[in-house]
file run.cif (mmCIF, C-alpha atoms)
data_protein
#
loop_
_atom_site.label_atom_id
_atom_site.label_comp_id
_atom_site.auth_asym_id
_atom_site.auth_seq_id
_atom_site.Cartn_x
_atom_site.Cartn_y
_atom_site.Cartn_z
CA MET A 1 0.00 0.00 0.00
CA SER A 2 1.32 3.44 -0.87
CA ARG A 3 1.62 6.29 1.62
CA GLN A 4 -1.14 8.16 -0.20
CA LEU A 5 -3.58 5.24 -0.02
CA PHE A 6 -2.82 4.63 3.65
CA MET A 7 -3.38 8.29 4.53
CA ASP A 8 -6.58 8.49 2.45
CA ARG A 9 -8.04 5.45 4.15
CA LEU A 10 -7.01 6.70 7.59
CA ARG A 11 -8.55 10.13 6.99
CA ALA A 12 -11.72 8.61 5.54
CA GLY A 13 -12.03 6.35 8.59
CA LEU A 14 -11.57 9.24 11.02
CA ARG A 15 -14.37 11.33 9.50
CA GLY A 16 -16.64 12.58 12.25
CA LEU A 17 -13.88 13.51 14.69
CA PRO A 18 -13.07 17.22 15.17
CA PRO A 19 -10.98 18.43 12.18
CA GLY A 20 -8.14 19.48 14.51
CA ALA A 21 -7.87 15.97 15.94
CA ILE A 22 -7.89 14.39 12.46
CA ASP A 23 -5.07 16.69 11.32
CA GLU A 24 -3.02 15.89 14.42
CA ILE A 25 -3.43 12.15 13.96
CA ALA A 26 -2.70 12.37 10.24
CA ALA A 27 0.43 14.45 10.94
CA ASP A 28 1.75 11.71 13.27
CA TYR A 29 1.48 9.12 10.51
CA GLU A 30 2.84 11.45 7.82
CA THR A 31 5.94 12.03 9.96
CA HIS A 32 6.23 8.29 10.47
CA PHE A 33 6.33 7.75 6.71
CA ALA A 34 8.94 10.51 6.34
CA ASP A 35 11.11 9.00 9.11
CA GLY A 36 10.72 5.57 7.55
CA ALA A 37 11.86 6.89 4.20
CA ALA A 38 14.85 8.55 5.88
CA ALA A 39 15.71 5.16 7.43
CA GLY A 40 15.68 3.63 3.95
CA ARG A 41 12.37 1.79 4.05
CA SER A 42 9.92 1.84 1.18
CA GLU A 43 6.41 3.27 1.54
CA ALA A 44 4.95 -0.22 1.20
CA GLU A 45 7.16 -1.56 4.01
CA VAL A 46 6.24 1.29 6.35
CA ALA A 47 2.54 0.93 5.56
CA ALA A 48 2.66 -2.82 6.19
CA ALA A 49 4.40 -2.29 9.54
CA LEU A 50 1.85 0.32 10.58
CA GLY A 51 -1.06 -2.08 10.18
CA ASP A 52 -4.57 -1.73 8.82
CA PRO A 53 -5.52 1.99 8.54
CA ASP A 54 -9.24 1.19 8.72
CA ARG A 55 -8.80 -0.63 11.99
CA LEU A 56 -6.57 2.12 13.43
CA ALA A 57 -9.18 4.72 12.46
CA ARG A 58 -12.06 2.67 13.91
CA GLU A 59 -10.36 2.30 17.25
CA LEU A 60 -9.23 5.92 17.44
CA ARG A 61 -12.79 7.00 16.73
CA ALA A 62 -14.27 4.53 19.20
CA GLU A 63 -11.90 5.71 21.93
CA ALA A 64 -12.88 9.34 21.27
CA GLY A 65 -16.56 8.39 21.62
CA LEU A 66 -15.97 6.49 24.87
CA ARG A 67 -13.91 9.30 26.33
CA ARG A 68 -16.64 11.82 25.62
CA TRP A 69 -19.13 9.63 27.46
CA GLU A 70 -16.80 9.42 30.45
CA ALA A 71 -16.32 13.20 30.45
CA GLU A 72 -19.93 14.28 29.97
CA ARG A 73 -22.87 12.11 30.98
CA ASN A 74 -25.59 13.25 28.60
CA PRO A 75 -27.90 11.47 26.14
CA SER A 76 -25.96 12.53 23.05
CA ALA A 77 -22.66 11.30 24.51
CA ALA A 78 -24.40 8.05 25.50
CA ALA A 79 -25.64 7.56 21.94
CA GLY A 80 -22.14 8.38 20.70
CA ALA A 81 -20.60 5.76 22.98
CA VAL A 82 -23.09 3.11 21.88
CA PHE A 83 -22.42 3.83 18.21
CA ALA A 84 -18.68 3.92 18.87
CA VAL A 85 -18.79 0.39 20.30
CA LEU A 86 -21.05 -0.86 17.51
CA GLY A 87 -18.70 0.81 15.02
CA LEU A 88 -15.92 -1.52 16.12
CA GLY A 89 -17.88 -4.14 14.20
CA ALA A 90 -16.78 -7.08 16.31
CA ILE A 91 -18.87 -10.15 15.53
CA ASP A 92 -19.94 -10.90 19.07
CA ILE A 93 -21.03 -7.29 19.56
CA LEU A 94 -23.30 -7.68 16.55
CA VAL A 95 -24.68 -10.89 18.03
CA LEU A 96 -25.53 -8.84 21.11
CA LEU A 97 -27.45 -6.35 19.00
CA PRO A 98 -30.95 -7.90 19.36
CA ILE A 99 -30.52 -8.04 23.14
CA LEU A 100 -29.29 -4.45 23.19
CA LEU A 101 -32.22 -3.33 21.08
CA SER A 102 -34.76 -4.98 23.36
CA ILE A 103 -33.14 -3.57 26.50
CA GLY A 104 -32.98 -0.16 24.85
CA GLY A 105 -36.61 -0.41 23.73
CA THR A 106 -37.80 -1.42 27.19
CA LEU A 107 -35.92 1.45 28.85
CA PHE A 108 -37.28 3.86 26.26
CA GLY A 109 -40.81 2.56 26.93
CA PHE A 110 -40.40 3.10 30.68
CA PHE A 111 -39.14 6.60 30.03
CA ILE A 112 -42.10 7.50 27.78
CA ALA A 113 -44.52 6.04 30.35
CA ALA A 114 -42.89 8.15 33.06
CA VAL A 115 -43.26 11.29 30.96
CA ALA A 116 -46.92 10.50 30.22
CA CYS A 117 -47.57 9.81 33.89
CA LEU A 118 -45.92 13.09 34.83
CA GLY A 119 -48.18 14.92 32.39
CA ALA A 120 -51.28 13.16 33.68
CA GLY A 121 -50.34 13.96 37.28
CA GLY A 122 -49.90 17.61 36.32
CA VAL A 123 -53.35 17.70 34.73
CA VAL A 124 -54.97 16.06 37.74
CA PHE A 125 -53.16 18.44 40.09
CA ALA A 126 -54.04 21.60 38.16
CA ALA A 127 -57.43 20.87 36.60
CA GLY A 128 -58.75 18.16 38.95
CA PRO A 129 -60.19 20.48 41.62
CA PHE A 130 -62.36 22.19 38.97
CA VAL A 131 -63.57 19.01 37.26
CA VAL A 132 -64.05 16.45 40.04
CA HIS A 133 -67.03 17.17 42.28
CA GLY A 134 -67.84 15.47 45.51
CA ALA A 135 -64.23 14.81 46.52
CA PRO A 136 -62.16 17.04 48.82
CA ILE A 137 -59.99 19.40 46.75
CA ALA A 138 -56.90 18.53 48.78
CA ALA A 139 -57.33 14.81 48.02
CA VAL A 140 -57.55 15.44 44.27
CA MET A 141 -54.47 17.67 44.32
CA LEU A 142 -52.53 15.15 46.39
CA THR A 143 -53.44 12.43 43.88
CA GLY A 144 -51.91 14.59 41.14
CA LEU A 145 -48.78 15.21 43.21
CA GLY A 146 -48.47 11.50 43.93
CA LEU A 147 -48.69 10.65 40.24
CA MET A 148 -45.98 13.17 39.44
CA ALA A 149 -43.69 11.94 42.20
CA GLY A 150 -44.12 8.35 41.04
CA ALA A 151 -43.37 9.34 37.47
CA ALA A 152 -40.21 11.19 38.54
CA SER A 153 -38.92 8.20 40.46
CA VAL A 154 -39.59 5.84 37.54
CA ALA A 155 -37.78 8.26 35.21
CA SER A 156 -34.73 8.56 37.46
CA LEU A 157 -34.58 4.80 37.97
CA THR A 158 -34.70 4.39 34.19
CA ALA A 159 -31.86 6.89 33.82
CA VAL A 160 -29.71 5.05 36.37
CA ILE A 161 -30.28 1.71 34.62
CA THR A 162 -29.53 3.28 31.23
CA ILE A 163 -26.23 4.72 32.47
CA GLY A 164 -25.32 1.32 33.89
CA CYS A 165 -26.07 -0.39 30.58
CA VAL A 166 -24.01 2.11 28.59
CA ASN A 167 -21.09 1.70 31.01
CA ALA A 168 -21.26 -2.08 30.64
CA LEU A 169 -21.27 -1.72 26.88
CA VAL A 170 -18.26 0.62 27.02
CA TRP A 171 -16.37 -1.92 29.11
CA TYR A 172 -17.29 -4.68 26.70
CA GLY A 173 -16.21 -2.54 23.76
CA ARG A 174 -12.80 -1.85 25.32
CA LEU A 175 -12.30 -5.59 25.67
CA HIS A 176 -12.50 -5.76 21.89
CA MET A 177 -10.11 -2.97 21.09
CA ARG A 178 -6.72 -4.33 20.31
CA LEU A 179 -4.78 -1.16 20.56
CA LEU A 180 -6.02 1.21 23.12
CA LYS A 181 -6.99 1.22 26.71
CA PRO A 182 -6.92 -2.10 28.54
CA ALA A 183 -10.43 -2.96 29.71
CA LEU A 184 -9.12 -4.61 32.84
CA GLU A 185 -7.28 -2.03 34.83
CA ALA A 186 -6.35 -1.98 38.44
CA MET B 1 -10.66 -16.02 24.44
CA VAL B 2 -6.96 -16.90 24.49
CA GLU B 3 -6.42 -14.28 21.83
CA ALA B 4 -8.40 -11.69 23.79
CA VAL B 5 -6.32 -12.36 26.91
CA GLN B 6 -3.08 -12.02 24.94
CA VAL B 7 -4.26 -8.73 23.49
CA GLN B 8 -5.14 -7.40 26.94
CA LEU B 9 -1.79 -8.57 28.25
CA LYS B 10 0.17 -6.93 25.47
CA LYS B 11 -1.80 -3.71 25.74
CA GLY B 12 -0.92 -3.40 29.39
CA VAL B 13 2.73 -4.26 28.86
CA LEU B 14 3.09 -1.93 25.90
CA GLU B 15 2.32 1.06 28.09
CA LEU B 16 4.91 -0.07 30.63
CA CYS B 17 7.50 -0.42 27.85
CA VAL B 18 6.80 3.07 26.54
CA LEU B 19 7.13 4.47 30.05
CA ALA B 20 10.44 2.61 30.49
CA LEU B 21 11.77 3.86 27.17
CA LEU B 22 10.87 7.46 27.94
CA SER B 23 12.27 7.26 31.46
CA GLY B 24 15.68 6.83 29.83
CA ALA B 25 15.39 9.65 27.31
CA ASP B 26 12.78 11.69 25.45
CA ALA B 27 11.92 10.17 22.09
CA TYR B 28 9.84 10.81 18.98
CA GLY B 29 7.15 8.57 17.56
CA TYR B 30 9.17 6.70 14.96
CA GLU B 31 11.89 5.87 17.48
CA ILE B 32 9.43 4.51 20.01
CA ALA B 33 7.53 2.55 17.38
CA SER B 34 10.58 0.91 15.81
CA ARG B 35 12.15 0.02 19.16
CA LEU B 36 9.02 -1.56 20.57
CA ALA B 37 7.35 -3.09 17.52
CA GLN B 38 10.02 -5.74 16.95
CA GLY B 39 10.05 -6.96 20.53
CA ILE B 40 6.34 -7.05 21.25
CA GLU B 41 4.90 -7.89 17.85
CA MET B 42 2.27 -5.21 17.67
CA GLY B 43 1.78 -3.06 14.58
CA GLU B 44 3.91 0.08 14.63
CA GLY B 45 0.72 2.04 14.02
CA THR B 46 -0.57 1.15 17.48
CA ILE B 47 2.01 3.42 19.09
CA TYR B 48 0.23 6.60 18.04
CA PRO B 49 -3.18 5.80 19.51
CA LEU B 50 -1.35 4.70 22.67
CA MET B 51 0.66 7.94 22.84
CA ARG B 52 -2.52 9.98 22.38
CA ARG B 53 -4.17 8.08 25.18
CA MET B 54 -1.18 8.46 27.50
CA GLN B 55 -1.08 12.16 26.72
CA ALA B 56 -4.80 12.48 27.49
CA ASP B 57 -4.18 10.63 30.77
CA GLY B 58 -1.39 13.10 31.63
CA LEU B 59 1.42 10.53 31.64
CA VAL B 60 3.41 12.17 28.83
CA ASP B 61 3.53 15.56 27.18
CA THR B 62 5.01 16.68 23.91
CA TYR B 63 7.27 19.39 22.52
CA LEU B 64 8.39 20.21 19.01
CA VAL B 65 12.02 20.21 17.91
CA GLU B 66 13.07 21.86 14.67
CA SER B 67 14.59 19.32 12.35
CA ALA B 68 17.22 20.02 9.72
CA THR B 69 15.41 17.77 7.28
CA GLY B 70 11.67 18.01 6.84
CA PRO B 71 9.04 19.22 9.32
CA SER B 72 9.71 19.68 13.04
CA ARG B 73 9.56 16.55 15.15
CA LYS B 74 7.20 15.88 18.03
CA TYR B 75 9.09 14.53 21.05
CA TYR B 76 7.43 12.82 23.98
CA ARG B 77 8.62 13.17 27.56
CA LEU B 78 7.38 11.77 30.86
CA THR B 79 5.43 14.02 33.21
CA ALA B 80 5.73 13.69 36.98
CA ALA B 81 2.59 11.54 36.91
CA GLY B 82 4.20 9.44 34.19
CA ARG B 83 7.28 8.83 36.34
CA ALA B 84 5.17 7.87 39.32
CA SER B 85 3.13 5.52 37.14
CA PHE B 86 6.32 3.96 35.76
CA THR B 87 7.72 3.29 39.22
CA ALA B 88 4.46 1.72 40.38
CA GLN B 89 3.90 -0.36 37.25
CA LYS B 90 7.49 -1.54 37.16
CA ALA B 91 7.35 -2.78 40.74
CA GLU B 92 4.06 -4.52 40.02
CA TRP B 93 5.45 -6.16 36.87
CA LEU B 94 8.61 -7.37 38.61
CA ALA B 95 6.66 -8.88 41.49
CA PHE B 96 4.16 -10.53 39.15
CA SER B 97 6.65 -11.87 36.61
CA GLY B 98 8.90 -13.05 39.44
CA ALA B 99 6.06 -15.06 40.92
CA VAL B 100 5.10 -16.53 37.54
CA ASN B 101 8.71 -17.43 36.76
CA ALA B 102 9.12 -19.09 40.12
CA ILE B 103 6.09 -21.29 39.42
CA LEU B 104 7.24 -22.07 35.87
CA GLY B 105 10.70 -22.94 37.16
CA ALA B 106 9.30 -25.20 39.86
CA THR B 107 7.26 -27.25 37.39
CA SER B 108 9.86 -27.72 34.65
#
call {"tool": "encode", "arguments": {"input": "run.cif", "output": "structure tokens"}}
result
Amino acid sequence: MSRQLFMDRLRAGLRGLPPGAIDEIAADYETHFADGAAAGRSEAEVAAALGDPDRLARELRAEAGLRRWEAERNPSAAAGAVFAVLGLGAIDILVLLPILLSIGGTLFGFFIAAVACLGAGGVVFAAGPFVVHGAPIAAVMLTGLGLMAGAASVASLTAVITIGCVNALVWYGRLHMRLLKPALEA
Amino acid sequence: MVEAVQVQLKKGVLELCVLALLSGADAYGYEIASRLAQGIEMGEGTIYPLMRRMQADGLVDTYLVESATGPSRKYYRLTAAGRASFTAQKAEWLAFSGAVNAILGATS
């Protein structure tokens, strides 16, 4: 493989990372080719010793996604981490996919139910006293509050479980990366 | 599974080797890659993701040196945290490999 082809494939594989990071990574490998040439090795030899550029790019991108999740715990970083692990394309991760989808779907369902319940509680709390006759106003309002509190606790429980699942997936993904961070660290 | 364990093992040891190399003298990427790749049988390309990770973890930092030929070179040097990590990991490795060797020696 020529230097040009290696660099093209590396850059193509890194698409999606911040442009500054891509340039930095590319510069490292460009310098490596230059140093190799200075040491009397051909471009093909250097490229062969460097390894598969697609794989290097995949793991660099995956690591960036996992790091972002560890730095900022938000839904977009969580989605990024999940896609980063799936992007590694390891066979046994793909086998896990149906299980992941059903866990993800269940959690999503719980979350939607919690939101709906929160809305219903709000309606009961605010509008209930005007609609329901024959019941003490305080009781109706407390029912609404109770619904909302229940919904909030279901939502937060769902969030905790989701974070746990993403962390487990990140750990599992690291186990499959050949190059980067060891999954099992003291 | 055997392969996965070997990969995990090598990944851990590779970091220790880079720390050891840099504890002797600062070095640039190509130097580190060519000195380690032969011994440990990992693609030379794996050095750069590793160096990026170690830099993000604060174990090494970099500085540029003007080069007579071509673009300026990026050198890596150990930070204080990197030195501390090297000392700790080296002690751990020596204790562990010593124990394994003792067992291997006793059975052969």
call {"tool": "closest_residue", "arguments": {"input": "run.cif", "among": "A:Ala34, A:Leu60, A:Ala78, A:Ala44", "to": "Arg11 of chain A", "atoms": "all atoms listed in the file"}}
result
A:Leu60
call {"tool": "closest_residue", "arguments": {"input": "run.cif", "among": "A:Ala71, A:Ala49, A:Val82, A:Leu157", "to": "Thr46 of chain B", "atoms": "all atoms listed in the file"}}
result
A:Ala49
call {"tool": "residues_around", "arguments": {"input": "run.cif", "residues": "segment 160-162 of chain A", "least_positions_apart": "6", "cutoff": "12 Å", "atoms": "only C-alpha atoms", "output": "ChimeraX atom specification"}}
result
/A:73-75,78-79,82,100,103-108,110-111,153-154,168-169
call {"tool": "residues_around", "arguments": {"input": "run.cif", "residues": "segment 22-27 of chain B", "least_positions_apart": "3", "cutoff": "9 Å", "atoms": "all atoms listed in the file", "output": "PyMOL selection string"}}
result
chain B and resi 17-19+30-32+60+74-78+82-83+86
call {"tool": "atom_distance", "arguments": {"input": "run.cif", "atom1": "atom CA of Thr107 of chain B", "atom2": "atom CA of Leu16 of chain B"}}
result
28.1 Å
call {"tool": "closest_residue", "arguments": {"input": "run.cif", "among": "B:Asn101, B:Ser34, B:Thr87, B:Gln55", "to": "chain A", "atoms": "only C-alpha atoms"}}
result
B:Ser34
call {"tool": "closest_residue", "arguments": {"input": "run.cif", "among": "B:Thr62, B:Thr79, B:Ser97, B:Ser72", "to": "chain A", "atoms": "only C-alpha atoms"}}
result
B:Ser72
call {"tool": "atom_distance", "arguments": {"input": "run.cif", "atom1": "atom CA of Gly20 of chain A", "atom2": "atom CA of Asp8 of chain A"}}
result
16.4 Å
call {"tool": "closest_atom_pairs", "arguments": {"input": "run.cif", "of": "chain B", "to": "chain A", "cutoff": "7 Å", "atoms": "all atoms listed in the file", "output": "CSV"}}
result
residue,atom,partner,partner_atom,distance
B:Val7,CA,A:Arg178,CA,6.0
B:Gln8,CA,A:Pro182,CA,5.8
B:Lys11,CA,A:Pro182,CA,6.1
B:Gly12,CA,A:Pro182,CA,6.2
B:Tyr30,CA,A:His32,CA,5.6
B:Gly43,CA,A:Leu50,CA,5.2
B:Glu44,CA,A:Leu50,CA,4.6
B:Gly45,CA,A:Leu50,CA,4.0
B:Thr46,CA,A:Leu179,CA,5.7
B:Pro49,CA,A:Leu60,CA,6.4
B:Leu50,CA,A:Leu180,CA,5.8
call {"tool": "atom_distance", "arguments": {"input": "run.cif", "atom1": "atom CA of Tyr172 of chain A", "atom2": "atom CA of Ile22 of chain A"}}
result
25.6 Å
call {"tool": "build_atoms", "arguments": {"input": "run.cif", "residues": "segment 113-129 of chain A", "atoms": "N, CA and C atoms", "output": "compact mmCIF listing (two decimals), in the coordinates of the input"}}
result
# COMPACT_ATOMS: atom_id res chain seq x y z
N ALA A 113 -43.43 6.21 29.39
CA ALA A 113 -44.52 6.04 30.35
C ALA A 113 -44.38 7.03 31.50
N ALA A 114 -43.14 7.23 31.95
CA ALA A 114 -42.89 8.15 33.06
C ALA A 114 -43.28 9.57 32.65
N VAL A 115 -42.92 9.94 31.42
CA VAL A 115 -43.26 11.29 30.96
C VAL A 115 -44.78 11.46 30.89
N ALA A 116 -45.46 10.43 30.35
CA ALA A 116 -46.92 10.50 30.22
C ALA A 116 -47.56 10.61 31.60
N CYS A 117 -47.04 9.82 32.53
CA CYS A 117 -47.57 9.81 33.89
C CYS A 117 -47.38 11.17 34.56
N LEU A 118 -46.22 11.76 34.28
CA LEU A 118 -45.92 13.09 34.83
C LEU A 118 -46.93 14.09 34.30
N GLY A 119 -47.21 14.02 33.00
CA GLY A 119 -48.18 14.92 32.39
C GLY A 119 -49.57 14.72 32.99
N ALA A 120 -49.96 13.46 33.13
CA ALA A 120 -51.28 13.16 33.68
C ALA A 120 -51.40 13.69 35.11
N GLY A 121 -50.34 13.47 35.90
CA GLY A 121 -50.34 13.96 37.28
C GLY A 121 -50.50 15.47 37.32
N GLY A 122 -49.82 16.14 36.38
CA GLY A 122 -49.90 17.61 36.32
C GLY A 122 -51.33 18.04 36.02
N VAL A 123 -51.97 17.34 35.09
CA VAL A 123 -53.35 17.70 34.73
C VAL A 123 -54.28 17.50 35.91
N VAL A 124 -54.12 16.33 36.58
CA VAL A 124 -54.97 16.06 37.74
C VAL A 124 -54.77 17.12 38.82
N PHE A 125 -53.49 17.47 39.05
CA PHE A 125 -53.16 18.44 40.09
C PHE A 125 -53.77 19.81 39.77
N ALA A 126 -53.65 20.24 38.51
CA ALA A 126 -54.04 21.60 38.16
C ALA A 126 -55.54 21.70 37.87
N ALA A 127 -56.04 20.74 37.06
CA ALA A 127 -57.43 20.87 36.60
C ALA A 127 -58.40 20.07 37.46
N GLY A 128 -57.90 19.06 38.16
CA GLY A 128 -58.75 18.16 38.95
C GLY A 128 -59.74 18.89 39.85
N PRO A 129 -59.29 19.83 40.67
CA PRO A 129 -60.19 20.48 41.62
C PRO A 129 -61.39 21.14 40.94
